[in-house]
Each structure stands twice: as structure tokens, then as C-alpha cells.
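Below: one structure, written as C-alpha cells.
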Amino acid sequence: MTVSFSSYDEPLGPRSDRYFGEGYKKVSPELANLQIRRSTQLGAKHSGVARLSYPAAWSTKKHRELVPHVSSVDTIMLAASLCDAAITHSRDLGPAESSRMWVRQAAVRAGAAPHEDLDNIPVEAEITTTTAVEDADEIETAFKFRVGNLTGTLTMVHPVGSGALDVPGTDHIAQLSDIYGPAPHYYLNGVKDHTLTAADLTVDETATRINSRQRVNPGVEGGYVGAESAYWDSVSPIDAIVGAAQLSQILLYQMDGLDRRNSNTLWMRKLEFVTEGPRRPSAEPFDGTVEIRRTSTIDRGGQRWRSADLLIKEFQGVTGFCLLAHQLPD
């Protein structure tokens with residue numbers, strides 16, 4: 001028998017108590033002490049130091065607060081912000097050019113343990129490939145990155161700007177505003193102004209697929225700088241990740257007959273997504289689907305854990321997969 005819900009809150013509880021509801025929007029990120037190489041060549045390394053301020057009630061379960069850590073959402077936002085800054089600075093992109101830059105692909109892999117030192121988070125990125133985009137005056141630059149103990153890859157599509165550069169030295173930049181000016185950076189702050197909701201959620205008979213209708217309210221027009229700020233009212237990859245995470249929670253709780261209040265932390269071990277382009281209209285509701293490809297239970301230290309490999313489909317052209325795990329109650 002299928003199971004239906006009218007919103008995320010119905011099976012998961014109030015969004016105000018959940019990280020993927022409102023919690024991620026309450027985090028205050030900083031990215032400073034940037035070290036940007038004067039190079040667009042393979043092997044060019046860039047770095048910065050991040051700080052995340054989590055509020056006390058960022059996520060609660062059964063009247064207990066959870067220990068904050070660097071999440072996959074934080075990782076994508078920080079990695080994209082550093083890669084954006086590196087491209088903008090080294091290629092001398094103007095505000096209009098940098099605003100049209102967009103994330104083509106990203107992957108994140110968690111470390112052996114959560115990164116809980118939120119006052120000093122090393123952020124590093126290294127160029128791995130550059131490719132001219134066919135039939136367009138654009139370049140694809142791919143990076144490998146590290147945010148704390150999370151690692152991954154990220155590819156950005158951007159204007160050519162001043163072209164290839166490779167001169168000795170590193171520019172020391174105190175903060176992002178020294179590159180972009182005082183306006184809020186879209187990937188560091190603007191994506192959190194979006195509000196994602198869902199309706200018509202349906203879990204199939206086998207609890208391996210969930211369909212939904214998603215809606216994004218993008219907030220107030222304009223005022224942002226940096227990558228994808230020209231597309232501020234598009235469905236962002238962060239919107240898709242947040243939606244897919246909540247759909248995945250519902251699926252796994254249904255599979256094991258759990259309630260979120262009595263469940264343990266759901267860990268995202270790996271995440272990967274690709275986008276079809278930067279324009280992903282948010283004016284109308286759109287489909288969002290998650291399917292379980294594989295799932296298993298394992299014994300780890302005398303505790304049972306559920307592991308699942310899930311496909312992320314639709315979401316206005318943001319698709320991918322994630323590997324999740326959580327400890328099952330005794």
C-alpha cells in the first residue's frame with residue numbers, strides 16, 4: 001500500500017526543529033584569509049579558512065540537541081565560494097561575468113569522523129582540468145577540494161575573462177568582499193534565502209521510491225554577487241540537496257518503521273550531483289523523486305546500521321545520488 005503525506009513536516013516534524021528544514025539556513029558562514037594563486041593552470045592551488053556559527057537549536061531530536069559538524073550543504077557552499085573566488089580573481093572577471101558562473105557538477109565524500117571544529121575549517125581547492133565549452137565563449141574549470149576532513153570535486157562553467165594566466169606568486173585576500181564588494185555572496189549566503197517546501201509526497205508500496213511536488217520561494221530579487229547570482233531565482237543545487245535529503249529521510253524511516261524523534265543522526269557518506277544548466281525555473285512547482293538503488297543492514301560495534309544508496313531525480317535538472325547511513329534503534 002502506498003503512503004501519502006501533505007508536506008515534509010507531516011512525517012518529519014516541524015521544519016524549525018530540523019536541519020534540512022530551517023537549521024541549515026540559521027548557520028552563519030565566513031570564508032576569509034584567502035590565498036589565491038595567480039594561475040589558471042592545472043595544479044594551481046587556492047585556500048582559505050572558514051568558520052561556521054551554528055545556533056543552539058539548529059536541530060533537535062527527542063528534546064536533545066545534536067552536536068554540530070560540517071555538513072554536505074556547508075561543504076558545497078564553502079567549496080563553491082572558494083572556487084568562484086579563485087576563478088573570478090585569477091581571470092579578472094567583472095561583476096556581470098562572475099554572476100553568470102555556475103556549478104556544473106559536484107561530489108562530496110565524508111571523512112572517517114565528523115569535522116566538529118567549526119572555528120577553524122581549512123578550505124582548499126586545486127585545478128584538475130580546464131576545457132573550452134563547445135559553441136560558447138566559456139570555460140569549464142574542474143577542481144578537487146577539501147573542506148575540513150570532507151573531500152570532493154567541483155566543476156564550474158564561467159566566462160573566459162582575461163584568459164589563461166600563470167605567473168609566480170599568491171595573492172593574500174582578507175575576505176570575499178575584497179573581491180566582490182560588500183553585497184552578500186550568493187553561494188555563501190544567498191542560497192539560504194530560498195525556502196523549499198513540498199506537497200503530494202507519495203511513498204510506493206515497497207518503500208523504495210518517493211515522488212513529490214516541490215516548490216521554491218527564492219526570496220527578494222537581486223542584491224547578490226558571485227557565481228549564479230544572475231540566476232538568483234532559479235532552483236539551486238542546495239535546494240535540490242535539501243529536498244532530496246528530506247525525501248531520503250522519509251523513505252528510510254518508512255522502510256524501518258521509524259519516527260524521526262526516536263531515530264539517530266542520518267549521515268551523508270557521499271553525495272554527487274550534476275546540473276543541466278544554470279536556468280532552473282522556480283515560478284511553478286516541479287517534481288522531485290528519490291529512489292533506493294541498494295540498501296543493507298550491517299553490524300558495526302555491536303550496533304545495527306542501515307546503509308542506503310539513493311538516486312536523486314528531476315529537481316529541475318539537478319540529479320545525482322547519495323549514500324546515507326544511520327544507526328537503527330535497539
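So you can find residues: chains in the C-alpha cells are A, B, ... in the order shown, residues in each start at 1, and ligands are numbered from 1 in order.
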Residue set, stretch 70-279 of chain A restricted to strand (DSSP E), as a VMD selection string: chain A and resid 102 to 109 121 to 132 138 to 147 150 to 159 166 to 175 195 to 203 209 to 217 267 to 275
DSSP alpha helix (DSSP H) selection over stretch 98-323 of chain A, as a list in words: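 The alpha helix (DSSP H) subset of stretch 98-323 of chain A is Ser98, Ser99, Ser177, Asp178, Ile179, Tyr180, Pro237, Ile238, Asp239, Ala240, Ile241, Val242, Gly243, Ala244, Ala245, Gln246, Leu247, Ser248, Gln249, Ile250, Leu251, Leu252, Tyr253, Gln254, Met255 and Asp256 of chain A.
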Name all residues at most 8 Å from A:Trp232 (count only C-alpha atoms; drop same-chain ones fewer than 6 positions away) and give them as a compact mmCIF listing (two decimals) with C-alpha atoms, in the first residue's frame.
# COMPACT_ATOMS: atom_id res chain seq x y z
CA TYR A 186 25.23 34.12 -3.42
CA GLY A 190 22.09 33.94 -0.87
CA VAL A 191 21.13 30.30 -1.43
CA PRO A 218 13.57 32.41 -3.95
CA GLU A 221 15.19 39.94 -6.02
CA GLY A 222 18.79 40.85 -6.57
CA TYR A 224 23.83 39.15 -4.51
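Using only C-alpha atoms for every distance, the candidate list A:Lys25, A:Arg279, A:Arg215, A:Arg38 yields A:Arg38 as the residue closest to A:Leu165.
In this comparison, which uses only C-alpha atoms, the residue of A:Gly43, A:Gly163, A:Pro278, A:Gly317 approaching A:Ala132 most closely is A:Gly163.
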Contact residues around A:Ile292 with only C-alpha atoms at 10 Å, ignoring same-chain residues under 3 positions, as number ranges by chain: A: 207-210, 248, 251-252, 295, 308-312, 321-323
Only C-alpha atoms, please: the residues just picked out, written as a short mmCIF file (atom, residue, chain, number, x, y, z; two decimals), in the first residue's frame.
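Dumped to selection-v1.cif:
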data_model
loop_
_atom_site.label_atom_id
_atom_site.label_comp_id
_atom_site.auth_asym_id
_atom_site.auth_seq_id
_atom_site.Cartn_x
_atom_site.Cartn_y
_atom_site.Cartn_z
CA ALA A 207 9.13 1.92 0.38
CA THR A 208 11.87 2.24 -2.25
CA ARG A 209 10.61 5.29 -4.19
CA ILE A 210 9.09 8.60 -3.14
CA SER A 248 15.52 10.17 1.71
CA LEU A 251 11.95 6.67 2.71
CA LEU A 252 14.37 5.20 5.24
CA THR A 295 20.17 -0.99 0.86
CA ALA A 308 21.35 3.05 1.53
CA ASP A 309 22.36 4.13 -1.98
CA LEU A 310 19.74 6.52 -3.38
CA LEU A 311 19.12 8.15 -6.77
CA ILE A 312 18.09 11.82 -6.95
CA PHE A 321 22.90 10.14 -5.96
CA CYS A 322 23.79 9.90 -2.29
CA LEU A 323 24.99 7.25 0.15
#
Distance in Å - atom CA of A:Phe286 versus atom CA of A:Ser99: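 Atom CA of A:Phe286 sits 24.7 Å away from atom CA of A:Ser99.
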Taking only C-alpha atoms into account, produce a table as CSV in which each residue of stretch 118-202 of chain A with an atom at most 9 Å from an atom of stretch 75-82 of chain A appears once, together with its shortest atom pair and the distance in Å to one decimal, ordered by chain and rising number.
residue,atom,partner,partner_atom,distance
A:Val123,CA,A:Ala79,CA,7.0
A:Glu124,CA,A:Ala79,CA,7.8
A:Ala125,CA,A:Leu82,CA,7.3
A:Phe145,CA,A:Ala79,CA,6.8
A:Arg146,CA,A:Ala79,CA,7.7
A:Val147,CA,A:Thr75,CA,6.0
A:Gly148,CA,A:Thr75,CA,8.6
A:Leu150,CA,A:Thr75,CA,7.4
A:Thr151,CA,A:Thr75,CA,8.6
A:Gly152,CA,A:Ala79,CA,8.9
A:Thr153,CA,A:Ala79,CA,8.9
A:Leu154,CA,A:Ala80,CA,7.4
A:Thr155,CA,A:Ala80,CA,8.9
A:Met156,CA,A:Ala80,CA,8.3
A:Leu176,CA,A:Ser81,CA,8.6
A:His185,CA,A:Ser81,CA,8.0
A:Tyr186,CA,A:Ser81,CA,8.5
A:Tyr187,CA,A:Met77,CA,5.5
A:Leu188,CA,A:Met77,CA,5.5
A:Asn189,CA,A:Met77,CA,8.5
A:Val191,CA,A:Met77,CA,8.7
Proximity to A:Asn120 - best of A:Val73, A:Trp102, A:Gly161, A:Pro29, only C-alpha atoms: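 Among the listed residues, the smallest separation from A:Asn120 belongs to A:Pro29.
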Close residues, A:Arg300 itself excluded, 12 Å, only C-alpha atoms, min 5 positions apart in chain, as a PyMOL selection string: chain A and resi 305-307+325-328
